file run-v5.txt (compact mmCIF, N, CA, C and O atoms)
# COMPACT_ATOMS: atom_id res chain seq x y z
N LYS A 128 0.83 -1.18 0.00
CA LYS A 128 0.00 0.00 0.00
C LYS A 128 0.87 1.24 0.00
O LYS A 128 1.96 1.25 0.55
N LEU A 129 0.35 2.28 -0.58
CA LEU A 129 1.05 3.55 -0.63
C LEU A 129 0.31 4.57 0.22
O LEU A 129 -0.92 4.64 0.20
N LEU A 130 1.06 5.36 0.96
CA LEU A 130 0.49 6.47 1.73
C LEU A 130 1.19 7.74 1.28
O LEU A 130 2.39 7.75 1.04
N PHE A 131 0.43 8.81 1.20
CA PHE A 131 0.96 10.09 0.77
C PHE A 131 0.73 11.12 1.86
O PHE A 131 -0.34 11.17 2.47
N PHE A 132 1.74 11.96 2.09
CA PHE A 132 1.64 13.02 3.06
C PHE A 132 2.11 14.31 2.41
O PHE A 132 3.11 14.32 1.69
N GLU A 133 1.41 15.40 2.68
CA GLU A 133 1.85 16.72 2.24
C GLU A 133 2.41 17.42 3.46
O GLU A 133 1.66 17.77 4.39
N ILE A 134 3.73 17.58 3.48
CA ILE A 134 4.38 18.15 4.66
C ILE A 134 5.30 19.29 4.18
O ILE A 134 6.44 19.05 3.77
N PRO A 135 4.82 20.54 4.23
CA PRO A 135 5.62 21.65 3.71
C PRO A 135 7.00 21.81 4.37
O PRO A 135 7.95 22.19 3.72
N LEU A 136 7.12 21.50 5.64
CA LEU A 136 8.40 21.67 6.34
C LEU A 136 9.07 20.33 6.66
O LEU A 136 9.80 20.20 7.64
N LEU A 137 8.87 19.34 5.82
CA LEU A 137 9.42 18.00 6.02
C LEU A 137 10.94 18.06 6.19
O LEU A 137 11.48 17.53 7.15
N ILE A 138 11.61 18.69 5.27
CA ILE A 138 13.08 18.72 5.29
C ILE A 138 13.57 19.63 6.42
O ILE A 138 14.50 19.28 7.15
N GLU A 139 12.92 20.77 6.58
CA GLU A 139 13.31 21.68 7.66
C GLU A 139 13.16 21.02 9.03
O GLU A 139 13.92 21.31 9.95
N SER A 140 12.20 20.11 9.15
CA SER A 140 11.96 19.40 10.41
C SER A 140 12.80 18.13 10.53
O SER A 140 12.67 17.39 11.51
N LYS A 141 13.60 17.85 9.51
CA LYS A 141 14.48 16.67 9.49
C LYS A 141 13.70 15.36 9.66
O LYS A 141 14.10 14.48 10.42
N LEU A 142 12.59 15.24 8.96
CA LEU A 142 11.75 14.04 9.04
C LEU A 142 11.96 13.09 7.87
O LEU A 142 11.24 12.11 7.74
N MET A 143 12.93 13.35 7.00
CA MET A 143 13.11 12.57 5.78
C MET A 143 13.30 11.08 6.04
O MET A 143 12.83 10.26 5.28
N LYS A 144 13.98 10.74 7.14
CA LYS A 144 14.27 9.32 7.42
C LYS A 144 13.01 8.48 7.66
O LYS A 144 13.06 7.26 7.62
N HIS A 145 11.89 9.13 7.87
CA HIS A 145 10.64 8.41 8.14
C HIS A 145 9.86 8.06 6.87
O HIS A 145 8.77 7.50 6.96
N PHE A 146 10.43 8.39 5.71
CA PHE A 146 9.74 8.17 4.44
C PHE A 146 10.63 7.43 3.46
O PHE A 146 11.83 7.68 3.39
N ASN A 147 10.03 6.52 2.71
CA ASN A 147 10.78 5.74 1.73
C ASN A 147 11.10 6.55 0.48
O ASN A 147 12.17 6.41 -0.11
N VAL A 148 10.17 7.37 0.06
CA VAL A 148 10.33 8.16 -1.16
C VAL A 148 9.83 9.58 -0.88
O VAL A 148 8.78 9.76 -0.28
N ILE A 149 10.60 10.55 -1.35
CA ILE A 149 10.20 11.95 -1.19
C ILE A 149 10.10 12.57 -2.57
O ILE A 149 11.05 12.53 -3.36
N ILE A 150 8.94 13.15 -2.83
CA ILE A 150 8.68 13.84 -4.10
C ILE A 150 8.55 15.32 -3.79
O ILE A 150 7.72 15.72 -2.98
N PHE A 151 9.36 16.11 -4.46
CA PHE A 151 9.30 17.56 -4.28
C PHE A 151 8.50 18.15 -5.44
O PHE A 151 8.84 17.95 -6.60
N ILE A 152 7.44 18.87 -5.12
CA ILE A 152 6.62 19.52 -6.14
C ILE A 152 6.96 21.00 -6.12
O ILE A 152 6.75 21.68 -5.12
N LYS A 153 7.51 21.46 -7.23
CA LYS A 153 8.05 22.82 -7.33
C LYS A 153 7.20 23.66 -8.27
O LYS A 153 6.70 23.17 -9.27
N SER A 154 7.06 24.93 -7.92
CA SER A 154 6.44 25.90 -8.82
C SER A 154 7.01 27.28 -8.52
O SER A 154 7.59 27.50 -7.45
N LYS A 155 6.87 28.18 -9.45
CA LYS A 155 7.39 29.53 -9.28
C LYS A 155 6.72 30.20 -8.08
O LYS A 155 5.54 29.97 -7.81
N LYS A 156 7.48 31.04 -7.42
CA LYS A 156 6.95 31.74 -6.24
C LYS A 156 5.72 32.56 -6.59
O LYS A 156 4.74 32.57 -5.85
N SER A 157 5.76 33.24 -7.73
CA SER A 157 4.62 34.08 -8.13
C SER A 157 3.35 33.24 -8.30
O SER A 157 2.25 33.67 -7.92
N LEU A 158 3.50 32.04 -8.82
CA LEU A 158 2.35 31.15 -8.99
C LEU A 158 1.87 30.62 -7.64
O LEU A 158 0.67 30.52 -7.39
N ARG A 159 2.80 30.32 -6.75
CA ARG A 159 2.42 29.86 -5.41
C ARG A 159 1.66 30.94 -4.66
O ARG A 159 0.67 30.67 -3.97
N ILE A 160 2.10 32.19 -4.79
CA ILE A 160 1.40 33.32 -4.15
C ILE A 160 -0.02 33.42 -4.72
O ILE A 160 -0.99 33.56 -3.96
N LYS A 161 -0.14 33.34 -6.02
CA LYS A 161 -1.45 33.43 -6.68
C LYS A 161 -2.39 32.34 -6.17
O LYS A 161 -3.54 32.61 -5.81
N ARG A 162 -1.90 31.11 -6.11
CA ARG A 162 -2.72 29.99 -5.63
C ARG A 162 -3.10 30.17 -4.16
O ARG A 162 -4.21 29.86 -3.76
N PHE A 163 -2.16 30.67 -3.36
CA PHE A 163 -2.41 30.90 -1.94
C PHE A 163 -3.52 31.93 -1.76
O PHE A 163 -4.42 31.76 -0.94
N LYS A 164 -3.46 33.00 -2.55
CA LYS A 164 -4.49 34.05 -2.48
C LYS A 164 -5.85 33.51 -2.90
O LYS A 164 -6.88 33.87 -2.32
N LEU A 165 -5.88 32.65 -3.92
CA LEU A 165 -7.15 32.07 -4.38
C LEU A 165 -7.82 31.23 -3.30
O LEU A 165 -9.03 31.06 -3.29
N LYS A 166 -7.00 30.70 -2.37
CA LYS A 166 -7.54 29.90 -1.27
C LYS A 166 -7.88 30.77 -0.06
O LYS A 166 -8.18 30.25 1.02
N GLY A 167 -7.78 32.09 -0.21
CA GLY A 167 -8.16 32.98 0.88
C GLY A 167 -7.01 33.52 1.71
O GLY A 167 -7.23 34.25 2.67
N GLY A 168 -5.78 33.16 1.37
CA GLY A 168 -4.63 33.65 2.11
C GLY A 168 -4.23 35.04 1.64
O GLY A 168 -4.65 35.49 0.58
N ASN A 169 -3.41 35.70 2.44
CA ASN A 169 -2.91 37.00 2.00
C ASN A 169 -1.41 36.93 1.79
O ASN A 169 -0.73 36.06 2.32
N GLU A 170 -0.90 37.88 1.02
CA GLU A 170 0.50 37.83 0.62
C GLU A 170 1.47 37.96 1.79
O GLU A 170 2.52 37.33 1.81
N LYS A 171 1.10 38.75 2.78
CA LYS A 171 1.98 38.91 3.94
C LYS A 171 2.16 37.58 4.68
O LYS A 171 3.28 37.22 5.05
N LEU A 172 1.07 36.86 4.90
CA LEU A 172 1.16 35.55 5.55
C LEU A 172 1.98 34.59 4.69
O LEU A 172 2.81 33.84 5.20
N PHE A 173 1.78 34.63 3.38
CA PHE A 173 2.56 33.78 2.48
C PHE A 173 4.05 34.05 2.66
O PHE A 173 4.85 33.12 2.77
N GLN A 174 4.43 35.32 2.70
CA GLN A 174 5.85 35.68 2.83
C GLN A 174 6.43 35.17 4.15
O GLN A 174 7.58 34.70 4.19
N ILE A 175 5.65 35.23 5.22
CA ILE A 175 6.11 34.73 6.53
C ILE A 175 6.33 33.22 6.45
O ILE A 175 7.37 32.72 6.89
N LEU A 176 5.37 32.50 5.90
CA LEU A 176 5.49 31.04 5.79
C LEU A 176 6.63 30.66 4.85
O LEU A 176 7.39 29.72 5.13
N ASP A 177 6.74 31.36 3.75
CA ASP A 177 7.78 31.06 2.77
C ASP A 177 9.18 31.28 3.35
O ASP A 177 10.11 30.53 3.04
N ALA A 178 9.32 32.27 4.20
CA ALA A 178 10.62 32.58 4.80
C ALA A 178 11.11 31.46 5.73
O ALA A 178 12.31 31.33 5.97
N LYS A 179 10.19 30.65 6.23
CA LYS A 179 10.55 29.55 7.13
C LYS A 179 11.04 28.32 6.38
O LYS A 179 11.53 27.38 6.98
N GLN A 180 10.90 28.33 5.06
CA GLN A 180 11.28 27.17 4.27
C GLN A 180 12.67 27.35 3.65
O GLN A 180 13.10 28.46 3.35
N LEU A 181 13.35 26.22 3.45
CA LEU A 181 14.62 26.23 2.74
C LEU A 181 14.40 26.57 1.28
O LEU A 181 13.28 26.43 0.77
N SER A 182 15.44 26.96 0.60
CA SER A 182 15.33 27.23 -0.83
C SER A 182 15.04 25.92 -1.57
O SER A 182 15.35 24.83 -1.09
N ASP A 183 14.46 26.05 -2.74
CA ASP A 183 14.15 24.87 -3.54
C ASP A 183 15.41 24.04 -3.82
O ASP A 183 15.38 22.82 -3.74
N ASN A 184 16.50 24.70 -4.15
CA ASN A 184 17.74 23.98 -4.46
C ASN A 184 18.23 23.13 -3.29
O ASN A 184 18.73 22.03 -3.49
N LYS A 185 18.07 23.63 -2.09
CA LYS A 185 18.48 22.84 -0.91
C LYS A 185 17.54 21.67 -0.68
O LYS A 185 17.96 20.57 -0.33
N LYS A 186 16.24 21.87 -0.89
CA LYS A 186 15.26 20.80 -0.70
C LYS A 186 15.46 19.68 -1.72
O LYS A 186 15.34 18.51 -1.38
N ILE A 187 15.73 20.06 -2.95
CA ILE A 187 15.86 19.08 -4.03
C ILE A 187 16.93 18.04 -3.70
O ILE A 187 16.80 16.87 -4.06
N LYS A 188 17.97 18.42 -3.01
CA LYS A 188 19.06 17.51 -2.65
C LYS A 188 18.57 16.32 -1.82
O LYS A 188 19.18 15.26 -1.84
N TYR A 189 17.47 16.49 -1.10
CA TYR A 189 16.96 15.44 -0.22
C TYR A 189 15.83 14.63 -0.86
O TYR A 189 15.30 13.72 -0.23
N CYS A 190 15.47 14.95 -2.07
CA CYS A 190 14.29 14.34 -2.70
C CYS A 190 14.67 13.29 -3.73
O CYS A 190 15.70 13.39 -4.39
N ASP A 191 13.79 12.31 -3.87
CA ASP A 191 13.98 11.25 -4.86
C ASP A 191 13.45 11.65 -6.23
O ASP A 191 13.94 11.16 -7.24
N HIS A 192 12.45 12.51 -6.24
CA HIS A 192 11.83 12.94 -7.50
C HIS A 192 11.48 14.42 -7.41
O HIS A 192 11.13 14.92 -6.35
N LEU A 193 11.56 15.07 -8.56
CA LEU A 193 11.18 16.48 -8.68
C LEU A 193 10.08 16.59 -9.72
O LEU A 193 10.20 16.06 -10.83
N VAL A 194 8.99 17.25 -9.35
CA VAL A 194 7.89 17.49 -10.27
C VAL A 194 7.68 19.00 -10.34
O VAL A 194 7.54 19.65 -9.31
N VAL A 195 7.68 19.53 -11.55
CA VAL A 195 7.41 20.96 -11.73
C VAL A 195 5.92 21.10 -11.98
O VAL A 195 5.37 20.49 -12.90
N ASN A 196 5.26 21.88 -11.13
CA ASN A 196 3.81 22.03 -11.17
C ASN A 196 3.46 23.48 -11.50
O ASN A 196 3.21 24.29 -10.62
N GLU A 197 3.47 23.78 -12.80
CA GLU A 197 3.13 25.15 -13.21
C GLU A 197 2.00 25.17 -14.22
O GLU A 197 1.73 26.19 -14.83
N LYS A 198 1.33 24.04 -14.38
CA LYS A 198 0.21 23.97 -15.32
C LYS A 198 -1.08 23.76 -14.53
O LYS A 198 -1.46 24.60 -13.76
N ASN A 199 -1.69 22.60 -14.69
CA ASN A 199 -2.96 22.34 -14.02
C ASN A 199 -2.92 21.01 -13.27
O ASN A 199 -1.94 20.27 -13.36
N LYS A 200 -3.98 20.72 -12.55
CA LYS A 200 -4.02 19.51 -11.73
C LYS A 200 -3.96 18.23 -12.56
O LYS A 200 -3.40 17.23 -12.12
N THR A 201 -4.51 18.26 -13.76
CA THR A 201 -4.49 17.07 -14.62
C THR A 201 -3.06 16.69 -14.98
O THR A 201 -2.68 15.52 -14.89
N ILE A 202 -2.27 17.67 -15.36
CA ILE A 202 -0.88 17.41 -15.72
C ILE A 202 -0.08 16.97 -14.49
O ILE A 202 0.73 16.05 -14.56
N LEU A 203 -0.33 17.60 -13.35
CA LEU A 203 0.33 17.20 -12.11
C LEU A 203 0.00 15.75 -11.79
O LEU A 203 0.89 14.96 -11.46
N LYS A 204 -1.26 15.39 -11.90
CA LYS A 204 -1.68 14.02 -11.61
C LYS A 204 -0.97 13.03 -12.53
O LYS A 204 -0.51 11.98 -12.08
N GLU A 205 -0.86 13.36 -13.81
CA GLU A 205 -0.17 12.47 -14.76
C GLU A 205 1.29 12.27 -14.35
O GLU A 205 1.80 11.15 -14.38
N LYS A 206 1.95 13.34 -13.98
CA LYS A 206 3.35 13.25 -13.57
C LYS A 206 3.51 12.40 -12.32
O LYS A 206 4.41 11.57 -12.22
N LEU A 207 2.62 12.60 -11.36
CA LEU A 207 2.69 11.83 -10.12
C LEU A 207 2.39 10.35 -10.36
O LEU A 207 3.03 9.47 -9.78
N LEU A 208 1.41 10.07 -11.21
CA LEU A 208 1.09 8.67 -11.52
C LEU A 208 2.26 7.96 -12.19
O LEU A 208 2.49 6.77 -11.94
N SER A 209 3.01 8.67 -13.00
CA SER A 209 4.18 8.03 -13.64
C SER A 209 5.24 7.69 -12.60
O SER A 209 5.92 6.66 -12.71
N ILE A 210 5.39 8.52 -11.57
CA ILE A 210 6.33 8.22 -10.49
C ILE A 210 5.81 7.06 -9.66
O ILE A 210 6.55 6.13 -9.33
N ILE A 211 4.54 7.08 -9.33
CA ILE A 211 3.94 6.01 -8.52
C ILE A 211 4.10 4.66 -9.21
O ILE A 211 4.39 3.64 -8.56
N SER A 212 3.97 4.63 -10.53
CA SER A 212 4.10 3.36 -11.26
C SER A 212 5.47 2.73 -11.09
O SER A 212 5.62 1.52 -11.23
N LEU A 213 6.47 3.52 -10.75
CA LEU A 213 7.82 2.98 -10.51
C LEU A 213 7.88 2.14 -9.24
O LEU A 213 8.78 1.31 -9.09
N TYR A 214 6.93 2.33 -8.34
CA TYR A 214 6.95 1.67 -7.03
C TYR A 214 5.87 0.61 -6.86
O TYR A 214 5.74 0.05 -5.77
N GLU A 215 5.10 0.38 -7.88
CA GLU A 215 4.03 -0.62 -7.77
C GLU A 215 4.53 -2.01 -8.11
O GLU A 215 5.43 -2.22 -8.83

call {"tool": "encode", "arguments": {"input": "run-v5.txt", "output": "structure tokens"}}
result
Amino acid sequence: KLLFFEIPLLIESKLMKHFNVIIFIKSKKSLRIKRFKLKGGNEKLFQILDAKQLSDNKKIKYCDHLVVNEKNKTILKEKLLSIISLYE
């Protein structure tokens, strides 16, 4: 069975050893801000949360897979399913 967790501060919290596979989903900061606002967040809160995270380049070093998510959910799902198929 496969279990999935969305943990924004996984690497910052040094929890990597508790997971078999780590997938990093990356998108441009401007797009992340836009999505955050669409969910009711404000830019100031986004900046505070973003400041607590490591840079993408540092996070990527700890990840098994990198997915760039700058399109839509359908494309993201396709990319993730291709990764999942490697472990089935």

call {"tool": "select_by_dssp", "arguments": {"input": "run-v5.txt", "residues": "segment 144-207 of chain A", "states": "helix (DSSP H, G or I)", "output": "PyMOL selection string"}}
result
chain A and resi 144-145+156-165+170-178+183-187+200-207

call {"tool": "atom_distance", "arguments": {"input": "run-v5.txt", "atom1": "atom N of Ile152 of chain A", "atom2": "atom C of Glu170 of chain A"}}
result
21.2 Å

call {"tool": "residues_around", "arguments": {"input": "run-v5.txt", "residues": "segment 196-208 of chain A", "least_positions_apart": "2", "cutoff": "4.5 Å", "atoms": "all atoms listed in the file", "output": "PyMOL selection string"}}
result
chain A and resi 153-154+194+210-212

call {"tool": "write_last_selection", "arguments": {"input": "run-v5.txt", "atoms": "N, CA, C and O atoms", "output": "compact mmCIF listing (two decimals), in the coordinates of the input"}}
result
# COMPACT_ATOMS: atom_id res chain seq x y z
N LYS A 153 7.51 21.46 -7.23
CA LYS A 153 8.05 22.82 -7.33
C LYS A 153 7.20 23.66 -8.27
O LYS A 153 6.70 23.17 -9.27
N SER A 154 7.06 24.93 -7.92
CA SER A 154 6.44 25.90 -8.82
C SER A 154 7.01 27.28 -8.52
O SER A 154 7.59 27.50 -7.45
N VAL A 194 8.99 17.25 -9.35
CA VAL A 194 7.89 17.49 -10.27
C VAL A 194 7.68 19.00 -10.34
O VAL A 194 7.54 19.65 -9.31
N ILE A 210 5.39 8.52 -11.57
CA ILE A 210 6.33 8.22 -10.49
C ILE A 210 5.81 7.06 -9.66
O ILE A 210 6.55 6.13 -9.33
N ILE A 211 4.54 7.08 -9.33
CA ILE A 211 3.94 6.01 -8.52
C ILE A 211 4.10 4.66 -9.21
O ILE A 211 4.39 3.64 -8.56
N SER A 212 3.97 4.63 -10.53
CA SER A 212 4.10 3.36 -11.26
C SER A 212 5.47 2.73 -11.09
O SER A 212 5.62 1.52 -11.23

call {"tool": "residues_around", "arguments": {"input": "run-v5.txt", "residues": "Phe151 of chain A", "least_positions_apart": "6", "cutoff": "6 Å", "atoms": "all atoms listed in the file", "output": "list in words"}}
result
Cys190, Asp191, His192, Leu193, Val194 and Val195 of chain A

call {"tool": "atom_distance", "arguments": {"input": "run-v5.txt", "atom1": "atom CA of Lys166 of chain A", "atom2": "atom CA of Lys188 of chain A"}}
result
29.4 Å

call {"tool": "residues_around", "arguments": {"input": "run-v5.txt", "residues": "Asn147 of chain A", "least_positions_apart": "2", "cutoff": "8 Å", "atoms": "all atoms listed in the file", "output": "ChimeraX atom specification"}}
result
/A:130,142-145,149-150,189,191

call {"tool": "atom_distance", "arguments": {"input": "run-v5.txt", "atom1": "atom CA of Leu136 of chain A", "atom2": "atom CA of Asp183 of chain A"}}
result
11.9 Å

call {"tool": "closest_residue", "arguments": {"input": "run-v5.txt", "among": "A:Glu139, A:Lys155, A:Ser209, A:Gly167", "to": "Lys179 of chain A", "atoms": "all atoms listed in the file"}}
result
A:Glu139

call {"tool": "closest_residue", "arguments": {"input": "run-v5.txt", "among": "A:Ile187, A:Phe173, A:Leu129, A:Phe146", "to": "Arg159 of chain A", "atoms": "only N, CA, C and O atoms"}}
result
A:Phe173

call {"tool": "select_by_dssp", "arguments": {"input": "run-v5.txt", "residues": "segment 144-215 of chain A", "states": "strand (DSSP E or B)", "output": "list in words"}}
result
Ile150, Phe151, Ile152, Lys153, His192, Leu193, Val194 and Val195 of chain A
